[in-house]
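Worksheet: one structure, shown below.
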Amino acid sequence: MKVKHLKKYFLPFILLAVIGFLLVAACGGAGGETDAPESAAVSGDINAIASERGLTPADIEAAVRTYTPTGMHDEYIMFASGGHSGQMFVIGMPSMRMLKTIAVFTPEPWQGWGYGAQSTMEVLDQGNINGEEIRWGDTHHPALSETAGEYDGEWVFINDKANARIAVIDLRDFETKQIVKNPIAINDHGGTMVTPDTEWIIEGGQYAAPLGWEYASLDDYAEEYRGMVTFWKFDRESGRVQYDQSFAMELPPYWQDLCDAGKLVSEGWVFCNSFNTEMATGGVEDGNPPFEAGASQRDMDYMHIINFDKAVEVAQAGQVEMVADFPVISMQTAIDEKLLYFAPEPKSPHGVDISPGGEYMVVSGKLDPHVTIYSFDKVLSAIEAGGFKTDDYGIPILAFDDVVEAQVEVGLGPLHTQFGPDGYAYTSLFLEPAVARWTMGGEYEDLNEDPPWSLVTKTPVHYNVGHIATAEGDTVSPDGKYLVSLNKWAIDRFQNVGPLLPQNFQLIDISRPGITMPLLYDMPIGNGEPHYAQIIKADKLDPWEVYPEIGWNPATQSPDPNATLAGEERIERDGNNVEIWMSAVRSHFSPEHVEINEGDHVTWHITNVERAYDATHGFALPGYNINISIEPGETATFEFDATHDGVFTYYCSEFCSALHLEMVGYMLVKP
Ligand code: RUQ
Ligand code: CUA
């Protein structure tokens with residue numbers, strides 16, 4: 001069914017349901033006992049069911065707006081970070097049904113991610129640090145690839161805050177293809193964000209440290225510790241970050257937070273907010289103020305304004321210093337070449353979000369009840385006018401009053417802002433907790449009837465919201481319609497499942513102007529702590545149903561030289577090296593006997609020769625820690641040393657057919 005027809009189809013139903021419910025309520029039935037709840041369910045009497053479950057008319061409307069019957073697809077798809085699960089979640093909207101976890105930095109057995117398959121081990125190993133296998137991450141900010149500032153549905157990127165890594169996910173098969181370790185930083189936060197045509201992926205830092213992981217005493221913080229922002233060149237053709245065309249910029253040891261790329265009028269610029277311009281170094285155990293106090297003393301921190309197009313020229317001209325063999329534009333070069341400016345921003349800000357047309361940068365101070373809106377035009381004029389004060393490192397500071405367009409008092413603990421198509425902006429309020437709708441002025445003023453630069457309404461959320469996401473809400477043409485509040489605390493919203501509670505995604509209807517902004521649905525997230533999410537129109541995604549050819553290598557996205565068609569299966573021995581070419585089809589592996597000797601080195605290829613949609617086979621080889629998911633058409637390769645003799649059963653772990661239990665084989669390792 002086409003989603004477009006939804007409204008037409010459901011409107012009479014909503015009205016009937018609501019009117020019917022009000023009638024029942026008027027007769028004293030609401031929330032009370034009903035005589036025959038079971039027969040009500042059978043008869044399909046909506047009012048009786050609602051009454052029995054204690055649902056209000058608003059609940060019924062919310063249900064009708066979100067309920068998605070079997071076979072109906074969602075209108076939007078949300079890509080949410082998984083926090084320190086290290087993964088990414090794919091969720092349909094408005095149904096809020098979890099469609100997939102994408103394994104990124106963390107092994108995931110269902111996807112056979114990180115349990116032997118070469119295509120997964122090689123990606124995970126790219127993220128090793130100093131030879132250490134890092135098998136988790138703290139994913140924060142997914143970024144869908146964009147063309148001309150619109151999501152294009154081809155790629156999605158995400159950062160690992162803990163280990164300063166970024167990952168590239170191919171949306172043809174929803175698999176992670178690359179992990180890149182930042183060579184100069186040990187943690188990040190301001191990533192990932194993309195430039196409007198996805199030529200660059202931005203990765204801003206967070207907790208300052210000596211660049212390149214050198215040692216320096218905290219006593220030398222101001223001299224030796226540094227912030228950074230890294231710009232990764234992305235090549236769509238190969239689908240990979242081009243490490244040797246990428247570069248970073250040295251920044252003062254303020255804690256850079258989130259970044260955003262300018263768009264349309266501000267394309268070619270990058271903005272990052274920061275906190276701890278106090279340069280607090282903590283040490284509560286020595287009687288120093290704790291970080292939370294030390295880093296919150298000043299009234300203003302600095303928004304970083306980066307002339308990115310010019311920075312690219314400077315980097316490409318070789319005006320860089322090498323840190324850990326990676327090109328870095330030094331602060332002095334950034335100053336000399338006029339690449340970097342600061343604008344004061346109130347009280348420990350979190351997030352900088354660029355308006356759809358690129359005219360405004362919106363910053364929230366966590367400890368200030370306002371959002372502060374900066375004008376890109378005014379920034380350019382202030383830069384042109386010159387005559388700046390500088391910070392201790394010589395970086396020019398634009399005067400607050402010269403660059404601010406407006407401030408809107410939205411409430412307590414504002415964090416992140418997203419946009420709608422109708423001149424509304426939305427800001428999360430961690431402390432209230434609520435989501436605020438407010439109006440943009442200037443170019444956006446005539447798009448709704450509310451006065452410009454003013455608070456319109458708030459919807460309470462449960463509880464303590466971090467990021468919010470609106471449909472395509474950070475692109476050049478936001479869709480509005482839905483907002484998801486990514487709440488950190490759930491408290492009493494769900495059945496208690498022990499002291500570790502799920503996060504709570506709350507779906508809010510933002511399709512109507514003015515003060516109507518109802519909560520529609522709660523979705524517990526019981527497998528990670530999402531930070532940011534992006535929401536794309538579902539019809540922009542066009543993933544493969546099966547791999548394009550039998551014998552496909554998902555790592556290279558091309559035919560695998562070891563593809564094994566039916567009839568080509570074989571086992572070859574060369575000294576101690578045994579190589580196996582195996583096929584999988586419902587419901588057998590071929591060969592079914594693999595006889596090897598203890599001490600052999602085994603290289604094993606399996607091709608799923610199926611062309612049927614959803615005909616995945618699993619391959620589990622217990623005792624050797626091999627567990628692979630082989631999608632239709634895929635060729636998987638794994639290697640191991642046969643260190644133990646014995647009889648090992650391998651079997652298909654995906655219930656693929658009536659005779660799935662028979663999809664099995666014996667690996668006999670002779671002593
Ligand atoms: S951050 S809310 Cu990366 Cu705002 Cu978490
Ligand atoms: Cu193949 Cu079960």
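Ligands are numbered from 1 in the order shown, residues from 1 within each chain, and chains are lettered A, B, ... in the order they appear in the structure tokens.
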
key: At most 7 Å from ligand 2 (only C-alpha atoms and all ligand atoms): residue list as a list of chain:residue names   =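 Using only C-alpha atoms and all ligand atoms, I find these residues within 7 Å of ligand 2: A:Val585, A:Arg586, A:Ser587, A:His588, A:Thr616, A:His617, A:Gly618, A:Cys652, A:Ser653, A:Glu654, A:Phe655, A:Cys656, A:Ser657, A:His660, A:Leu661, A:Met663.
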
Could you please take those selected residues and save N, CA and C atoms as a PDB file, in the first residue's frame?
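File again18.pdb, as written:
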ATOM      1  N   VAL A 585      23.195 -24.138  -0.152  1.00  0.00           N
ATOM      2  CA  VAL A 585      21.897 -23.954  -0.789  1.00  0.00           C
ATOM      3  C   VAL A 585      20.897 -24.719   0.063  1.00  0.00           C
ATOM      4  N   ARG A 586      19.629 -24.332   0.031  1.00  0.00           N
ATOM      5  CA  ARG A 586      18.656 -25.113   0.798  1.00  0.00           C
ATOM      6  C   ARG A 586      18.616 -26.559   0.285  1.00  0.00           C
ATOM      7  N   SER A 587      18.912 -27.594   1.070  1.00  0.00           N
ATOM      8  CA  SER A 587      19.280 -27.529   2.480  1.00  0.00           C
ATOM      9  C   SER A 587      20.535 -28.361   2.699  1.00  0.00           C
ATOM     10  N   HIS A 588      21.598 -28.013   1.984  1.00  0.00           N
ATOM     11  CA  HIS A 588      22.853 -28.709   2.282  1.00  0.00           C
ATOM     12  C   HIS A 588      24.072 -27.840   1.964  1.00  0.00           C
ATOM     13  N   THR A 616      18.997 -16.550   3.396  1.00  0.00           N
ATOM     14  CA  THR A 616      20.305 -16.499   4.052  1.00  0.00           C
ATOM     15  C   THR A 616      20.622 -17.849   4.685  1.00  0.00           C
ATOM     16  N   HIS A 617      21.890 -18.238   4.631  1.00  0.00           N
ATOM     17  CA  HIS A 617      22.356 -19.388   5.405  1.00  0.00           C
ATOM     18  C   HIS A 617      23.378 -18.915   6.425  1.00  0.00           C
ATOM     19  N   GLY A 618      23.362 -19.560   7.567  1.00  0.00           N
ATOM     20  CA  GLY A 618      24.396 -19.294   8.555  1.00  0.00           C
ATOM     21  C   GLY A 618      25.445 -20.385   8.467  1.00  0.00           C
ATOM     22  N   CYS A 652      24.143 -25.031   9.564  1.00  0.00           N
ATOM     23  CA  CYS A 652      23.523 -23.762   9.193  1.00  0.00           C
ATOM     24  C   CYS A 652      22.749 -23.229  10.386  1.00  0.00           C
ATOM     25  N   SER A 653      23.064 -22.032  10.806  1.00  0.00           N
ATOM     26  CA  SER A 653      22.465 -21.469  12.011  1.00  0.00           C
ATOM     27  C   SER A 653      21.238 -20.615  11.701  1.00  0.00           C
ATOM     28  N   GLU A 654      20.863 -20.523  10.458  1.00  0.00           N
ATOM     29  CA  GLU A 654      19.704 -19.701  10.075  1.00  0.00           C
ATOM     30  C   GLU A 654      18.597 -20.675   9.638  1.00  0.00           C
ATOM     31  N   PHE A 655      17.445 -20.578  10.237  1.00  0.00           N
ATOM     32  CA  PHE A 655      16.391 -21.568   9.947  1.00  0.00           C
ATOM     33  C   PHE A 655      15.843 -21.325   8.539  1.00  0.00           C
ATOM     34  N   CYS A 656      16.471 -21.987   7.560  1.00  0.00           N
ATOM     35  CA  CYS A 656      16.267 -21.609   6.165  1.00  0.00           C
ATOM     36  C   CYS A 656      15.226 -22.439   5.446  1.00  0.00           C
ATOM     37  N   SER A 657      14.876 -23.592   5.979  1.00  0.00           N
ATOM     38  CA  SER A 657      13.954 -24.458   5.242  1.00  0.00           C
ATOM     39  C   SER A 657      13.435 -25.527   6.190  1.00  0.00           C
ATOM     40  N   HIS A 660      16.205 -27.594   7.414  1.00  0.00           N
ATOM     41  CA  HIS A 660      17.328 -26.790   7.910  1.00  0.00           C
ATOM     42  C   HIS A 660      18.174 -27.571   8.917  1.00  0.00           C
ATOM     43  N   LEU A 661      17.521 -28.378   9.753  1.00  0.00           N
ATOM     44  CA  LEU A 661      18.289 -29.114  10.762  1.00  0.00           C
ATOM     45  C   LEU A 661      19.251 -30.103  10.105  1.00  0.00           C
ATOM     46  N   MET A 663      20.943 -29.393   7.475  1.00  0.00           N
ATOM     47  CA  MET A 663      21.978 -28.642   6.754  1.00  0.00           C
ATOM     48  C   MET A 663      23.217 -28.611   7.651  1.00  0.00           C
TER      49      MET A 663
END

message = Neighbouring residues of Ile134 of chain A were defined as those with any atom within 9 Å, considering only C-alpha atoms; residues of the same chain fewer than 6 positions away were excluded. Please report them as a PyMOL selection string.
response = chain A and resi 105-106+124-125+127-128+163

task = Would you mind listing what lies within 9 Å of Pro142 of chain A as a ChimeraX atom specification, with only C-alpha atoms counted and same-chain residues fewer than 4 positions away left out?
result = /A:79-81,88,156-159,191-193,531-534

Can you spit out the residues from that selection as an mmCIF file, in the first residue's frame, using C-alpha atoms?
data_model
loop_
_atom_site.group_PDB
_atom_site.id
_atom_site.type_symbol
_atom_site.label_atom_id
_atom_site.label_comp_id
_atom_site.auth_asym_id
_atom_site.auth_seq_id
_atom_site.Cartn_x
_atom_site.Cartn_y
_atom_site.Cartn_z
ATOM 1 C CA PHE A 79 19.343 5.726 11.602
ATOM 2 C CA ALA A 80 20.181 6.013 15.286
ATOM 3 C CA SER A 81 23.539 5.666 16.940
ATOM 4 C CA MET A 88 23.764 1.642 14.694
ATOM 5 C CA VAL A 156 25.925 6.509 6.355
ATOM 6 C CA PHE A 157 28.859 7.359 8.601
ATOM 7 C CA ILE A 158 29.296 7.314 12.364
ATOM 8 C CA ASN A 159 31.956 8.193 14.910
ATOM 9 C CA GLY A 191 31.565 13.796 14.152
ATOM 10 C CA THR A 192 30.354 12.596 11.924
ATOM 11 C CA MET A 193 28.940 15.403 9.825
ATOM 12 C CA HIS A 531 22.779 9.914 20.898
ATOM 13 C CA TYR A 532 21.883 11.415 17.570
ATOM 14 C CA ALA A 533 19.683 10.004 14.807
ATOM 15 C CA GLN A 534 18.879 11.044 11.270
#

inquiry  = Which residues are near segment 649-651 of chain A? Cut-off 8 Å, only C-alpha atoms, ignore same chain within fewer than 4 positions. Put them as a PyMOL selection string.
reply    = chain A and resi 618-622+661+663-667

ask   = So which one's closest to ligand 1, A:Pro524, A:Pro414, A:Pro196, A:Pro290? Using only C-alpha atoms and all ligand atoms, please.
value =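 Of A:Pro524, A:Pro414, A:Pro196, A:Pro290, the one nearest ligand 1 is A:Pro414, counting only C-alpha atoms and all ligand atoms.
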
key: Distance query Pro69 of chain A at most 12 Å, only C-alpha atoms, self and fewer than 2 positions along chain excluded, as a VMD selection string   = chain A and resid 1 3 6 63 to 67 71 to 74 94 to 95 97

task = Using only C-alpha atoms and all ligand atoms, find each residue with an atom at most 9 Å away from ligand 1 and format the answer as a list in words.
result = Gly83, Thr139, His140, His141, Lys161, His189, Gly190, Gly191, Asp257, Leu258, His350, Gly351, Leu415, His416, Val465, Gly466, His467, Ile468, Leu486, Asn487, Lys488, Glu529, Pro530, His531 and Tyr532 of chain A

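Going from atom CA of Gly358 of chain A to atom CA of Phe271 of chain A covers 11.3 Å.
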
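Of the listed residues A:Val669, A:Met300, A:Val379, A:Ala248, the one whose atoms come nearest to Ile329 of chain A is A:Ala248, with distances taken using only C-alpha atoms.
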
task = Taking the chain letters and numbering used in this document, name the residues of segment 338-587 of chain A that DSSP puts in helix (DSSP H, G or I), as a PyMOL selection string.
result = chain A and resi 376-385+400-403+442-447+538-540

inquiry  = I need the strand (DSSP E) residues of segment 457-601 of chain A per DSSP on the backbone, written as a PyMOL selection string.
reply    = chain A and resi 457-460+465-471+480-487+503-509+519-525+533-537+552-553+558-559+570-574+577-585+588-590+593-597+601

query = Contacts of Ala222 of chain A at 12 Å or less, counting only C-alpha atoms, minus same-chain residues fewer than 5 places along, as a ChimeraX atom specification?
reply = /A:208-210,216-217,227,251-254,277-281,392-393

request  = Please identify all polymer residues within 6 Å of Thr637 of chain A, counting only C-alpha atoms, omitting same-chain residues fewer than 2 positions from it, and present them as a VMD selection string.
outcome  = chain A and resid 117 to 118 604 to 605

task = May I ask which of the residues A:Val168, A:Leu218, A:Leu541, A:Met303 is the closest one to Pro349 of chain A, counting only C-alpha atoms?
result =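 Among the listed residues, the smallest separation from Pro349 of chain A belongs to A:Met303.
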